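Visitor: Pasting my_file.cif below, which is mmCIF, C-alpha atoms.
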```cif
data_model
#
loop_
_atom_site.label_atom_id
_atom_site.label_comp_id
_atom_site.auth_asym_id
_atom_site.auth_seq_id
_atom_site.Cartn_x
_atom_site.Cartn_y
_atom_site.Cartn_z
CA MET A 1 -3.74 -47.45 -7.33
CA GLN A 2 -2.25 -48.98 -4.20
CA PHE A 3 1.28 -47.70 -3.61
CA CYS A 4 3.96 -49.74 -1.89
CA ASN A 5 4.25 -46.93 0.67
CA ARG A 6 7.35 -48.25 2.38
CA ILE A 7 9.33 -45.47 4.01
CA ILE A 8 12.41 -44.41 2.02
CA PRO A 9 15.27 -43.29 4.26
CA THR A 10 16.36 -39.71 3.62
CA ARG A 11 19.18 -37.57 4.88
CA SER A 12 17.13 -34.42 4.36
CA GLN A 13 17.29 -32.03 7.30
CA TYR A 14 13.49 -31.90 7.01
CA ALA A 15 13.06 -35.67 7.35
CA GLU A 16 10.84 -35.26 10.38
CA ALA A 17 8.34 -33.07 8.52
CA ALA A 18 7.11 -35.97 6.37
CA ASP A 19 8.18 -39.54 5.63
CA HIS A 20 9.34 -40.09 2.06
CA ARG A 21 7.51 -43.13 0.70
CA CYS A 22 7.76 -45.58 -2.17
CA HIS A 23 5.26 -44.96 -4.97
CA CYS A 24 5.83 -48.15 -6.87
CA ARG A 25 2.75 -50.33 -7.09
CA SER A 26 1.98 -52.33 -4.00
CA GLY A 27 3.72 -55.72 -4.20
CA HIS A 28 6.32 -54.49 -6.73
CA THR A 29 9.64 -56.21 -7.23
CA GLY A 30 12.96 -54.38 -7.33
CA ARG A 31 14.03 -51.40 -5.28
CA CYS A 32 11.63 -48.90 -3.77
CA ASP A 33 11.35 -45.53 -5.55
CA GLU A 34 9.72 -42.30 -4.49
CA PHE A 35 9.16 -41.21 -8.11
CA PRO A 36 8.96 -44.43 -10.17
CA PHE A 37 6.86 -42.62 -12.80
CA LEU A 38 9.81 -40.31 -13.53
CA ARG A 39 12.36 -43.09 -14.12
CA HIS A 40 12.02 -43.08 -17.89
CA LEU A 41 11.98 -39.28 -18.23
CA GLN A 42 14.97 -39.12 -15.92
CA SER A 43 16.90 -41.34 -18.32
CA VAL A 44 15.93 -39.52 -21.52
CA ASP A 45 15.73 -35.89 -20.28
CA LYS A 46 17.03 -35.35 -16.78
CA GLN A 47 16.41 -31.61 -16.99
CA VAL A 48 12.65 -32.03 -17.44
CA ALA A 49 12.39 -34.81 -14.84
CA ASP A 50 14.24 -32.63 -12.32
CA LYS A 51 12.01 -29.67 -13.13
CA ILE A 52 8.92 -31.78 -12.43
CA LYS A 53 10.30 -32.95 -9.09
CA ARG A 54 11.33 -29.43 -8.13
CA ASP A 55 8.10 -27.69 -9.13
CA ALA A 56 5.97 -30.41 -7.57
CA THR A 57 7.73 -30.47 -4.22
CA MET A 58 9.42 -27.10 -3.68
CA THR A 59 8.15 -23.59 -3.13
CA THR A 60 9.40 -21.02 -5.61
CA GLY A 61 10.63 -17.52 -5.07
CA ALA A 62 13.88 -17.39 -7.01
CA ALA A 63 12.91 -13.96 -8.32
CA TRP A 64 12.82 -12.34 -4.90
CA LYS A 65 16.53 -12.58 -4.15
CA SER A 66 16.36 -9.90 -1.49
CA ALA A 67 17.45 -10.09 2.13
CA ASP A 68 13.86 -10.41 3.32
CA ALA A 69 12.81 -12.95 0.71
CA GLY A 70 12.87 -15.92 3.02
CA PRO A 71 13.71 -19.48 2.02
CA ASN A 72 14.22 -19.39 -1.70
CA ARG A 73 13.31 -23.02 -2.38
CA ILE A 74 11.94 -25.17 0.36
CA LEU A 75 9.86 -28.34 0.49
CA ARG A 76 6.21 -27.38 0.25
CA TRP A 77 5.20 -29.59 3.19
CA VAL A 78 7.75 -27.89 5.43
CA MET A 79 5.70 -24.73 4.92
CA LEU A 80 2.81 -26.52 6.67
CA LEU A 81 4.75 -26.47 9.93
CA SER A 82 4.03 -23.89 12.62
CA ASP A 83 6.27 -20.85 13.09
CA GLU A 84 7.64 -22.57 16.21
CA GLU A 85 8.52 -25.77 14.35
CA LEU A 86 10.10 -23.76 11.53
CA ALA A 87 12.21 -21.85 14.03
CA SER A 88 13.74 -25.16 15.11
CA TYR A 89 15.00 -25.47 11.51
CA GLY A 90 16.47 -21.98 11.67
CA ILE A 91 13.65 -20.44 9.63
CA ASN A 92 12.33 -17.41 11.46
CA MET A 93 9.08 -16.44 9.81
CA ALA A 94 8.74 -13.46 12.13
CA ASP A 95 11.82 -11.93 10.49
CA LEU A 96 10.17 -11.96 7.07
CA LYS A 97 7.84 -9.33 5.66
CA PRO A 98 4.14 -10.29 5.97
CA GLY A 99 3.78 -10.43 2.18
CA VAL A 100 6.65 -12.91 1.94
CA VAL A 101 5.22 -15.07 4.71
CA ALA A 102 1.83 -15.12 2.97
CA LYS A 103 3.49 -16.06 -0.32
CA LEU A 104 5.42 -18.92 1.27
CA ARG A 105 2.41 -20.20 3.20
CA GLU A 106 0.26 -20.11 0.05
CA LYS A 107 2.65 -22.52 -1.60
CA ALA A 108 2.42 -25.05 1.20
CA ALA A 109 1.09 -28.49 0.31
CA ASP A 110 1.12 -31.89 1.94
CA TYR A 111 3.55 -34.57 0.84
CA ASP A 112 0.98 -36.80 -0.90
CA SER A 113 -0.39 -33.91 -2.99
CA CYS A 114 3.11 -33.01 -4.10
CA ILE A 115 3.85 -36.57 -5.28
CA LEU A 116 0.57 -36.72 -7.18
CA VAL A 117 1.30 -33.33 -8.76
CA ALA A 118 4.61 -34.75 -9.99
CA ALA A 119 2.79 -37.73 -11.49
CA LYS A 120 0.20 -35.45 -13.11
CA LEU A 121 2.96 -33.31 -14.63
CA ALA A 122 4.66 -36.43 -16.02
CA TRP A 123 1.31 -37.52 -17.51
CA LEU A 124 0.97 -34.07 -19.15
CA VAL A 125 4.55 -34.02 -20.45
CA TYR A 126 4.06 -37.30 -22.32
CA GLN A 127 1.01 -35.80 -24.04
CA MET A 128 2.92 -32.80 -25.41
CA GLU A 129 3.74 -32.42 -29.10
CA ASP A 130 7.15 -33.94 -29.85
CA ALA A 131 7.39 -35.48 -26.38
CA PRO A 132 9.38 -38.67 -25.82
CA GLN A 133 7.22 -41.78 -25.57
CA PRO A 134 6.87 -43.42 -22.17
CA THR A 135 7.60 -47.07 -21.55
CA ILE A 136 4.47 -49.23 -21.49
CA GLU A 137 4.87 -49.72 -17.76
CA ILE A 138 4.92 -45.99 -17.05
CA LYS A 139 2.11 -45.31 -19.51
CA GLN A 140 -0.10 -47.83 -17.70
CA TYR A 141 0.86 -46.43 -14.32
CA LEU A 142 0.04 -42.85 -15.27
CA GLU A 143 -3.15 -43.75 -17.15
CA GLU A 144 -4.39 -45.65 -14.12
CA LEU A 145 -3.96 -42.46 -12.09
CA PHE A 146 -5.20 -39.83 -14.53
CA GLY A 147 -6.91 -41.48 -17.51
CA PRO A 148 -6.00 -42.20 -21.13
CA MET A 149 -3.06 -40.34 -22.63
CA ILE A 150 -3.81 -38.59 -25.93
CA PRO A 151 -0.78 -37.60 -28.02
CA SER A 152 -0.30 -33.82 -28.55
CA SER A 153 -3.25 -32.96 -26.31
CA THR A 154 -1.44 -31.01 -23.58
CA CYS A 155 -2.24 -27.32 -23.86
CA CYS A 156 -1.17 -24.26 -21.92
CA VAL A 157 -3.47 -24.07 -18.89
CA ILE A 158 -3.97 -20.37 -19.52
CA CYS A 159 -4.01 -19.65 -23.29
CA ARG A 160 -5.10 -23.18 -24.30
CA LEU A 161 -2.64 -23.47 -27.18
CA PRO A 162 -0.85 -26.82 -27.62
CA LEU A 163 2.48 -27.00 -25.83
CA ASN A 164 5.49 -28.37 -27.65
CA TYR A 165 7.96 -30.40 -25.62
CA GLY A 166 10.82 -28.48 -27.27
CA LEU A 167 9.82 -25.37 -25.28
CA PHE A 168 11.36 -26.97 -22.18
CA SER A 169 14.81 -26.42 -23.63
CA MET A 170 14.09 -22.89 -24.82
CA ALA A 171 14.99 -20.29 -22.27
CA ALA A 172 15.13 -16.49 -22.27
CA ARG A 173 17.36 -14.84 -19.69
CA GLY A 174 17.73 -18.11 -17.82
CA LYS A 175 13.98 -18.68 -17.56
CA ALA A 176 12.40 -21.69 -19.23
CA ALA A 177 9.66 -20.97 -21.77
CA ILE A 178 7.34 -23.51 -20.04
CA GLU A 179 6.34 -23.10 -16.40
CA THR A 180 4.26 -25.13 -14.01
CA CYS A 181 0.96 -23.29 -13.62
CA HIS A 182 -1.90 -23.32 -11.14
CA LYS A 183 -5.52 -22.63 -12.08
CA ASN A 184 -5.76 -21.36 -8.53
CA PRO A 185 -2.29 -20.21 -7.44
CA ARG A 186 -3.14 -21.03 -3.85
CA MET A 187 -3.90 -24.72 -4.40
CA HIS A 188 -1.23 -27.29 -5.16
CA ASN A 189 -2.92 -30.52 -6.18
CA PRO A 190 -3.16 -32.58 -9.40
CA GLU A 191 -6.52 -31.14 -10.50
CA ASN A 192 -5.27 -27.58 -10.19
CA VAL A 193 -1.82 -27.92 -11.75
CA GLY A 194 -0.61 -27.97 -15.34
CA PHE A 195 1.91 -26.44 -17.71
CA GLY A 196 1.77 -23.06 -19.36
CA HIS A 197 3.80 -20.59 -21.34
CA ARG A 198 5.97 -18.41 -19.15
CA GLU A 199 4.41 -15.24 -20.56
CA CYS A 200 0.89 -16.59 -19.88
CA ASN A 201 1.81 -17.54 -16.31
CA ILE A 202 3.29 -14.09 -15.74
CA ALA A 203 0.15 -12.43 -17.13
CA GLN A 204 -2.11 -14.54 -14.87
CA GLY A 205 -0.06 -13.44 -11.86
CA ALA A 206 -1.72 -14.06 -8.49
CA LYS A 207 -5.20 -14.36 -10.00
CA THR A 208 -7.12 -17.59 -10.36
CA LEU A 209 -7.68 -18.59 -13.96
CA ASP A 210 -11.34 -17.58 -13.70
CA GLU A 211 -10.38 -14.21 -12.27
CA PHE A 212 -7.83 -13.77 -15.05
CA TYR A 213 -10.37 -14.50 -17.78
CA GLU A 214 -12.85 -12.12 -16.17
CA TRP A 215 -10.16 -9.45 -15.85
CA ILE A 216 -9.12 -9.61 -19.52
CA ARG A 217 -12.77 -9.75 -20.65
CA ASP A 218 -13.37 -6.50 -18.77
CA ILE A 219 -10.23 -4.95 -20.24
CA LEU A 220 -11.37 -5.75 -23.77
CA GLY A 221 -14.81 -4.39 -22.99
CA ARG A 222 -13.33 -1.05 -21.93
CA ALA A 223 -10.66 -0.94 -24.65
CA HIS A 224 -13.09 -1.33 -27.50
CA ARG A 225 -16.09 0.71 -26.54
CA MET B 1 5.99 26.34 -27.25
CA GLN B 2 9.39 27.93 -27.67
CA PHE B 3 11.79 26.78 -24.97
CA CYS B 4 14.61 28.93 -23.64
CA ASN B 5 17.00 26.16 -24.72
CA ARG B 6 20.05 27.59 -23.00
CA ILE B 7 22.57 24.91 -22.16
CA ILE B 8 22.55 23.92 -18.49
CA PRO B 9 25.98 22.90 -17.21
CA THR B 10 26.11 19.35 -15.87
CA ARG B 11 28.74 17.31 -14.10
CA SER B 12 27.30 14.09 -15.54
CA GLN B 13 29.96 11.77 -16.93
CA TYR B 14 27.72 11.52 -19.99
CA ALA B 15 27.64 15.29 -20.59
CA GLU B 16 29.05 14.85 -24.08
CA ALA B 17 26.22 12.57 -25.16
CA ALA B 18 23.68 15.40 -25.12
CA ASP B 19 23.50 18.98 -23.87
CA HIS B 20 21.07 19.51 -21.02
CA ARG B 21 18.88 22.48 -21.90
CA CYS B 22 16.51 24.88 -20.21
CA HIS B 23 12.82 24.14 -20.84
CA CYS B 24 11.42 27.30 -19.40
CA ARG B 25 9.54 29.41 -21.94
CA SER B 26 11.71 31.42 -24.26
CA GLY B 27 12.36 34.85 -22.73
CA HIS B 28 11.63 33.65 -19.17
CA THR B 29 12.90 35.44 -16.10
CA GLY B 30 14.61 33.71 -13.21
CA ARG B 31 17.01 30.82 -13.33
CA CYS B 32 17.09 28.28 -16.12
CA ASP B 33 15.54 24.88 -15.37
CA GLU B 34 15.67 21.62 -17.26
CA PHE B 35 12.32 20.45 -15.79
CA PRO B 36 10.38 23.63 -14.92
CA PHE B 37 7.08 21.72 -15.28
CA LEU B 38 8.10 19.47 -12.35
CA ARG B 39 8.87 22.32 -9.91
CA HIS B 40 5.49 22.24 -8.21
CA LEU B 41 5.28 18.44 -8.01
CA GLN B 42 8.84 18.39 -6.70
CA SER B 43 7.77 20.62 -3.84
CA VAL B 44 4.58 18.72 -2.91
CA ASP B 45 5.64 15.12 -3.69
CA LYS B 46 9.32 14.67 -4.43
CA GLN B 47 8.90 10.90 -4.80
CA VAL B 48 6.52 11.22 -7.75
CA ALA B 49 8.51 14.02 -9.38
CA ASP B 50 11.68 11.95 -9.12
CA LYS B 51 9.90 8.91 -10.55
CA ILE B 52 8.80 10.95 -13.57
CA LYS B 53 12.33 12.21 -14.17
CA ARG B 54 13.79 8.74 -13.75
CA ASP B 55 11.27 6.89 -15.94
CA ALA B 56 11.40 9.58 -18.62
CA THR B 57 15.17 9.75 -18.90
CA MET B 58 16.62 6.43 -17.70
CA THR B 59 16.51 2.89 -19.03
CA THR B 60 15.17 0.29 -16.63
CA GLY B 61 16.40 -3.15 -15.85
CA ALA B 62 16.43 -3.25 -12.05
CA ALA B 63 14.86 -6.71 -12.16
CA TRP B 64 17.73 -8.32 -13.99
CA LYS B 65 20.31 -7.99 -11.23
CA SER B 66 22.60 -10.57 -12.72
CA ALA B 67 26.25 -10.25 -13.67
CA ASP B 68 25.41 -10.04 -17.35
CA ALA B 69 22.53 -7.58 -16.96
CA GLY B 70 24.44 -4.56 -18.15
CA PRO B 71 23.93 -0.99 -16.95
CA ASN B 72 21.01 -1.11 -14.57
CA ARG B 73 19.87 2.47 -15.03
CA ILE B 74 21.45 4.64 -17.67
CA LEU B 75 20.35 7.75 -19.54
CA ARG B 76 18.26 6.68 -22.51
CA TRP B 77 20.15 8.92 -24.96
CA VAL B 78 23.44 7.33 -23.94
CA MET B 79 22.04 4.10 -25.37
CA LEU B 80 21.94 5.85 -28.77
CA LEU B 81 25.75 5.89 -28.84
CA SER B 82 27.73 3.36 -30.83
CA ASP B 83 29.41 0.39 -29.15
CA GLU B 84 32.71 2.20 -29.65
CA GLU B 85 31.51 5.39 -27.97
CA LEU B 86 30.02 3.38 -25.10
CA ALA B 87 33.31 1.57 -24.62
CA SER B 88 34.93 4.95 -23.92
CA TYR B 89 32.53 5.24 -20.95
CA GLY B 90 33.54 1.78 -19.74
CA ILE B 91 30.36 0.11 -21.04
CA ASN B 92 31.32 -2.91 -23.09
CA MET B 93 28.22 -4.00 -24.94
CA ALA B 94 30.10 -6.94 -26.43
CA ASP B 95 30.38 -8.41 -22.92
CA LEU B 96 26.59 -8.49 -22.52
CA LYS B 97 24.25 -11.21 -23.73
CA PRO B 98 22.55 -10.34 -27.05
CA GLY B 99 19.13 -10.28 -25.37
CA VAL B 100 20.35 -7.73 -22.83
CA VAL B 101 21.89 -5.56 -25.53
CA ALA B 102 18.63 -5.64 -27.51
CA LYS B 103 16.67 -4.72 -24.39
CA LEU B 104 18.96 -1.76 -23.61
CA ARG B 105 18.99 -0.53 -27.21
CA GLU B 106 15.18 -0.74 -27.36
CA LYS B 107 14.96 1.72 -24.47
CA ALA B 108 17.14 4.29 -26.19
CA ALA B 109 15.57 7.67 -26.90
CA ASP B 110 16.87 11.09 -27.81
CA TYR B 111 17.15 13.82 -25.20
CA ASP B 112 14.24 15.93 -26.48
CA SER B 113 11.84 12.97 -26.50
CA CYS B 114 12.77 12.17 -22.91
CA ILE B 115 12.05 15.71 -21.72
CA LEU B 116 8.69 15.74 -23.51
CA VAL B 117 7.85 12.35 -22.00
CA ALA B 118 8.50 13.83 -18.55
CA ALA B 119 6.18 16.74 -19.34
CA LYS B 120 3.51 14.35 -20.66
CA LEU B 121 3.74 12.28 -17.47
CA ALA B 122 3.36 15.42 -15.35
CA TRP B 123 0.29 16.39 -17.43
CA LEU B 124 -1.17 12.90 -16.80
CA VAL B 125 -0.38 12.94 -13.07
CA TYR B 126 -2.31 16.17 -12.54
CA GLN B 127 -5.34 14.56 -14.19
CA MET B 128 -5.40 11.59 -11.81
CA GLU B 129 -8.09 11.17 -9.16
CA ASP B 130 -6.96 12.78 -5.87
CA ALA B 131 -3.93 14.38 -7.54
CA PRO B 132 -2.51 17.64 -6.20
CA GLN B 133 -3.54 20.69 -8.22
CA PRO B 134 -0.87 22.37 -10.34
CA THR B 135 -0.07 26.04 -10.12
CA ILE B 136 -1.74 28.11 -12.84
CA GLU B 137 1.63 28.68 -14.47
CA ILE B 138 2.36 24.97 -14.74
CA LYS B 139 -1.19 24.17 -15.82
CA GLN B 140 -0.90 26.64 -18.71
CA TYR B 141 2.53 25.32 -19.65
CA LEU B 142 1.38 21.69 -19.77
CA GLU B 143 -1.93 22.49 -21.51
CA GLU B 144 -0.06 24.40 -24.19
CA LEU B 145 1.97 21.26 -24.85
CA PHE B 146 -0.68 18.56 -24.57
CA GLY B 147 -4.14 20.12 -24.48
CA PRO B 148 -6.76 20.79 -21.80
CA MET B 149 -6.42 18.99 -18.48
CA ILE B 150 -9.57 17.16 -17.35
CA PRO B 151 -9.71 16.22 -13.66
CA SER B 152 -9.81 12.47 -12.91
CA SER B 153 -9.44 11.56 -16.57
CA THR B 154 -6.11 9.71 -16.45
CA CYS B 155 -6.67 5.99 -16.93
CA CYS B 156 -4.38 3.00 -16.99
CA VAL B 157 -3.02 2.81 -20.55
CA ILE B 158 -3.73 -0.92 -20.58
CA CYS B 159 -6.91 -1.70 -18.61
CA ARG B 160 -8.46 1.78 -19.07
CA LEU B 161 -9.60 2.09 -15.45
CA PRO B 162 -9.11 5.48 -13.76
CA LEU B 163 -5.83 5.79 -11.87
CA ASN B 164 -5.82 7.20 -8.38
CA TYR B 165 -2.85 9.33 -7.38
CA GLY B 166 -2.69 7.45 -4.07
CA LEU B 167 -1.44 4.36 -5.92
CA PHE B 168 1.97 6.04 -6.26
CA SER B 169 2.58 5.56 -2.57
CA MET B 170 1.29 1.98 -2.52
CA ALA B 171 4.00 -0.56 -3.07
CA ALA B 172 4.16 -4.33 -2.90
CA ARG B 173 7.57 -5.91 -2.39
CA GLY B 174 9.26 -2.61 -3.09
CA LYS B 175 7.51 -2.13 -6.41
CA ALA B 176 5.16 0.83 -6.90
CA ALA B 177 1.56 0.02 -7.87
CA ILE B 178 1.75 2.51 -10.77
CA GLU B 179 4.30 2.13 -13.53
CA THR B 180 5.20 4.15 -16.59
CA CYS B 181 3.82 2.23 -19.57
CA HIS B 182 4.42 2.21 -23.32
CA LYS B 183 1.73 1.41 -25.88
CA ASN B 184 4.64 0.19 -27.94
CA PRO B 185 7.43 -0.86 -25.56
CA ARG B 186 10.02 0.00 -28.19
CA MET B 187 9.05 3.67 -28.60
CA HIS B 188 9.74 6.30 -25.96
CA ASN B 189 7.89 9.46 -26.91
CA PRO B 190 4.98 11.46 -25.45
CA GLU B 191 2.30 9.91 -27.68
CA ASN B 192 3.33 6.39 -26.73
CA VAL B 193 3.82 6.81 -22.99
CA GLY B 194 1.41 6.83 -20.06
CA PHE B 195 0.78 5.34 -16.65
CA GLY B 196 -0.62 1.93 -15.85
CA HIS B 197 -1.14 -0.53 -13.04
CA ARG B 198 1.92 -2.61 -12.32
CA GLU B 199 -0.02 -5.84 -12.87
CA CYS B 200 -1.34 -4.57 -16.22
CA ASN B 201 2.14 -3.54 -17.35
CA ILE B 202 3.50 -6.95 -16.36
CA ALA B 203 0.70 -8.70 -18.25
CA GLN B 204 1.37 -6.61 -21.39
CA GLY B 205 5.03 -7.61 -21.23
CA ALA B 206 7.01 -7.00 -24.42
CA LYS B 207 3.89 -6.81 -26.60
CA THR B 208 2.47 -3.62 -28.08
CA LEU B 209 -0.91 -2.71 -26.66
CA ASP B 210 -2.61 -3.80 -29.89
CA GLU B 211 -0.78 -7.12 -29.79
CA PHE B 212 -1.78 -7.54 -26.13
CA TYR B 213 -5.47 -6.94 -26.86
CA GLU B 214 -5.34 -9.34 -29.79
CA TRP B 215 -3.58 -11.92 -27.62
CA ILE B 216 -6.15 -11.81 -24.80
CA ARG B 217 -9.03 -11.79 -27.30
CA ASP B 218 -7.66 -15.01 -28.76
CA ILE B 219 -7.21 -16.51 -25.29
CA LEU B 220 -10.85 -15.78 -24.42
CA GLY B 221 -11.94 -17.24 -27.73
CA ARG B 222 -10.19 -20.51 -26.97
CA ALA B 223 -11.07 -20.61 -23.27
CA HIS B 224 -14.79 -20.34 -23.86
CA ARG B 225 -15.45 -22.43 -26.89
#
```
Hey, can you dump this file as structure tokens for me?

Guide:
Amino acid sequence: MQFCNRIIPTRSQYAEAADHRCHCRSGHTGRCDEFPFLRHLQSVDKQVADKIKRDATMTTGAAWKSADAGPNRILRWVMLLSDEELASYGINMADLKPGVVAKLREKAADYDSCILVAAKLAWLVYQMEDAPQPTIEIKQYLEELFGPMIPSSTCCVICRLPLNYGLFSMAARGKAAIETCHKNPRMHNPENVGFGHRECNIAQGAKTLDEFYEWIRDILGRAHR
Amino acid sequence: MQFCNRIIPTRSQYAEAADHRCHCRSGHTGRCDEFPFLRHLQSVDKQVADKIKRDATMTTGAAWKSADAGPNRILRWVMLLSDEELASYGINMADLKPGVVAKLREKAADYDSCILVAAKLAWLVYQMEDAPQPTIEIKQYLEELFGPMIPSSTCCVICRLPLNYGLFSMAARGKAAIETCHKNPRMHNPENVGFGHRECNIAQGAKTLDEFYEWIRDILGRAHR
């Protein structure tokens, strides 16, 4: 798909790190929009649309809440900048523990990947059990990017059980029951990203999905001999 | 084993909830001691001895750090008291979220179970790879309670790999690499308690060990069909 790609003005303090661009189809009418594929979801379930935007574009780390935790949520592409460039934004990586720096740098991703991750997540949401139905325009847009949408086909990346849209509004101790997952936690791109149960994502931890499966296969082998 | 069982005076604000008692052998000489089986470990590695005492006798919850998290660390037997009795200590269970109350109540255990858990953990520590060697007196004491000690035989409760004593001093983001684990997270007694890798304990989550094995078996079944 050819995007419009016109620059969308932003007042973000990180505006210089990457231009925000319009992702409507090239030659579209109406106003430019960075996330046109989220328009419908935004109108029917703002919470889920906001979660997609946030998980696609921001690093996480809300659990660290310690003095040396570093930026709690920051645009993933800002984490591509050098330590020197980050210092000009008041982020002093040298003040953070090495493990925290590594964690933040791992979550870095370029702007285009983040936008495509958001689109992929929208495509997956619409294929969940009990999900709202997209407008025809958005369905066509997403199918052009990622292929045909099959109702109730979105499964947890990790345990492979079908995911029900209702899980988005179920939360335990302030944590949603569905999380954005990475087959390889160190790669943020549409092929590598999906949704999973919170407990599955926690169990996978920092492992790749292949490493996780190998790990639990070995555990079962030892537990039952 | 017959314990001395003399009451040990305590200045704890929770003194009325349970008498602290001497666990030296009945008829012992020398001063009374609530944790005589930790004396040697206390002298060679205070950090590990303190961890055993803490995990055996206190509820956990350090990760919750929110306003509604409730008592962060509290004696497990205090959590056996009624809401009314707790209120007299300034702990108002009604102010906590139901999930937090359930979590705290799950970690309740009577005083005697907690002491025996501490002894069991000491017995397991001495059987770790590269562990310090107990004095003969303590070895006999622990073996009388839990059976013969076999060097390097202590494995992670969950993944069943041998645990190296050195893991106690390895920590990532302030969290020790070895944690006290429960085969059934809702039962705190010597049969049900052991040590495990932090990542294994996190993966097990709130499941019993049997439920965890069943869960990962099912995941592998779906992932590889």

Visitor: Which is closest to Ala49 of chain A among A:Glu214, A:Val125, A:Leu145, A:Val100, if we use all atoms listed in the file?

Guide: A:Val125

Visitor: Could you tell me how far atom CA of Lys139 of chain A sits from atom CA of His28 of chain A, in Å to one decimal place?

Guide: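 These atoms are spaced 16.3 Å apart.
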
Visitor: Name the residues in contact with Val157 of chain B at a cut-off of 9 Å, using all atoms listed in the file, excluding same-chain residues fewer than 4 positions from it; report them as a PyMOL selection string.

Guide: chain B and resi 161+181-183+193-197+200-201+209

Visitor: Given only C-alpha atoms as the basis, pick out the residue of A:Ala18, A:Met58, A:Ile8, A:Ile138 nearest to Phe37 of chain A.

Guide: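 That would be A:Ile138, the residue with the smallest distance to Phe37 of chain A.
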
Visitor: Using only C-alpha atoms, I'd like every residue of chain A that has an atom within 9 Å of chain B; please write them out as a list in words.

Guide: Ala63, Trp64, Lys97, Gly99, Val100, Ile158, Cys159, Arg160, Leu161, Ala172, Arg173, Glu199, Cys200, Ile202, Ala203, Gln204, Gly205, Tyr213, Trp215, Ile216, Arg217, Asp218, Ile219, Leu220, Arg222 and Ala223 of chain A

Visitor: Output C-alpha atoms for every residue in that selection, as a PDB file, keeping the file's coordinate frame.

Guide:
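Resulting contents of result-v2.pdb:
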```
ATOM      1  CA  ALA A  63      12.910 -13.960  -8.320  1.00  0.00           C
ATOM      2  CA  TRP A  64      12.820 -12.340  -4.900  1.00  0.00           C
ATOM      3  CA  LYS A  97       7.840  -9.330   5.660  1.00  0.00           C
ATOM      4  CA  GLY A  99       3.780 -10.430   2.180  1.00  0.00           C
ATOM      5  CA  VAL A 100       6.650 -12.910   1.940  1.00  0.00           C
ATOM      6  CA  ILE A 158      -3.970 -20.370 -19.520  1.00  0.00           C
ATOM      7  CA  CYS A 159      -4.010 -19.650 -23.290  1.00  0.00           C
ATOM      8  CA  ARG A 160      -5.100 -23.180 -24.300  1.00  0.00           C
ATOM      9  CA  LEU A 161      -2.640 -23.470 -27.180  1.00  0.00           C
ATOM     10  CA  ALA A 172      15.130 -16.490 -22.270  1.00  0.00           C
ATOM     11  CA  ARG A 173      17.360 -14.840 -19.690  1.00  0.00           C
ATOM     12  CA  GLU A 199       4.410 -15.240 -20.560  1.00  0.00           C
ATOM     13  CA  CYS A 200       0.890 -16.590 -19.880  1.00  0.00           C
ATOM     14  CA  ILE A 202       3.290 -14.090 -15.740  1.00  0.00           C
ATOM     15  CA  ALA A 203       0.150 -12.430 -17.130  1.00  0.00           C
ATOM     16  CA  GLN A 204      -2.110 -14.540 -14.870  1.00  0.00           C
ATOM     17  CA  GLY A 205      -0.060 -13.440 -11.860  1.00  0.00           C
ATOM     18  CA  TYR A 213     -10.370 -14.500 -17.780  1.00  0.00           C
ATOM     19  CA  TRP A 215     -10.160  -9.450 -15.850  1.00  0.00           C
ATOM     20  CA  ILE A 216      -9.120  -9.610 -19.520  1.00  0.00           C
ATOM     21  CA  ARG A 217     -12.770  -9.750 -20.650  1.00  0.00           C
ATOM     22  CA  ASP A 218     -13.370  -6.500 -18.770  1.00  0.00           C
ATOM     23  CA  ILE A 219     -10.230  -4.950 -20.240  1.00  0.00           C
ATOM     24  CA  LEU A 220     -11.370  -5.750 -23.770  1.00  0.00           C
ATOM     25  CA  ARG A 222     -13.330  -1.050 -21.930  1.00  0.00           C
ATOM     26  CA  ALA A 223     -10.660  -0.940 -24.650  1.00  0.00           C
TER      27      ALA A 223
END
```

Visitor: Applying 10 Å and all atoms listed in the file, which residues near Asn92 of chain A remain after dropping the ones on its own chain fewer than 6 positions away? List them as a PDB file with C-alpha atoms, in the coordinates of the input.

Guide:
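out_26.pdb written:
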```pdb
ATOM      1  CA  GLY A  70      12.870 -15.920   3.020  1.00  0.00           C
ATOM      2  CA  PRO A  71      13.710 -19.480   2.020  1.00  0.00           C
ATOM      3  CA  ASP A  83       6.270 -20.850  13.090  1.00  0.00           C
ATOM      4  CA  GLU A  84       7.640 -22.570  16.210  1.00  0.00           C
ATOM      5  CA  GLU A  85       8.520 -25.770  14.350  1.00  0.00           C
ATOM      6  CA  LEU A  86      10.100 -23.760  11.530  1.00  0.00           C
TER       7      LEU A  86
END
```

Visitor: Please enumerate the residues selected by the PyMOL selection byres ((chain A and resi 27) around 12) when evaluated against the supplied file, formatted as a compact mmCIF listing (two decimals) with C-alpha atoms, in the coordinates of the input.

Guide:
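Result file follows (expr13.txt):
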```
# COMPACT_ATOMS: atom_id res chain seq x y z
CA MET A 1 -3.74 -47.45 -7.33
CA GLN A 2 -2.25 -48.98 -4.20
CA PHE A 3 1.28 -47.70 -3.61
CA CYS A 4 3.96 -49.74 -1.89
CA ASN A 5 4.25 -46.93 0.67
CA ARG A 6 7.35 -48.25 2.38
CA CYS A 22 7.76 -45.58 -2.17
CA HIS A 23 5.26 -44.96 -4.97
CA CYS A 24 5.83 -48.15 -6.87
CA ARG A 25 2.75 -50.33 -7.09
CA SER A 26 1.98 -52.33 -4.00
CA HIS A 28 6.32 -54.49 -6.73
CA THR A 29 9.64 -56.21 -7.23
CA GLY A 30 12.96 -54.38 -7.33
CA ARG A 31 14.03 -51.40 -5.28
CA CYS A 32 11.63 -48.90 -3.77
```
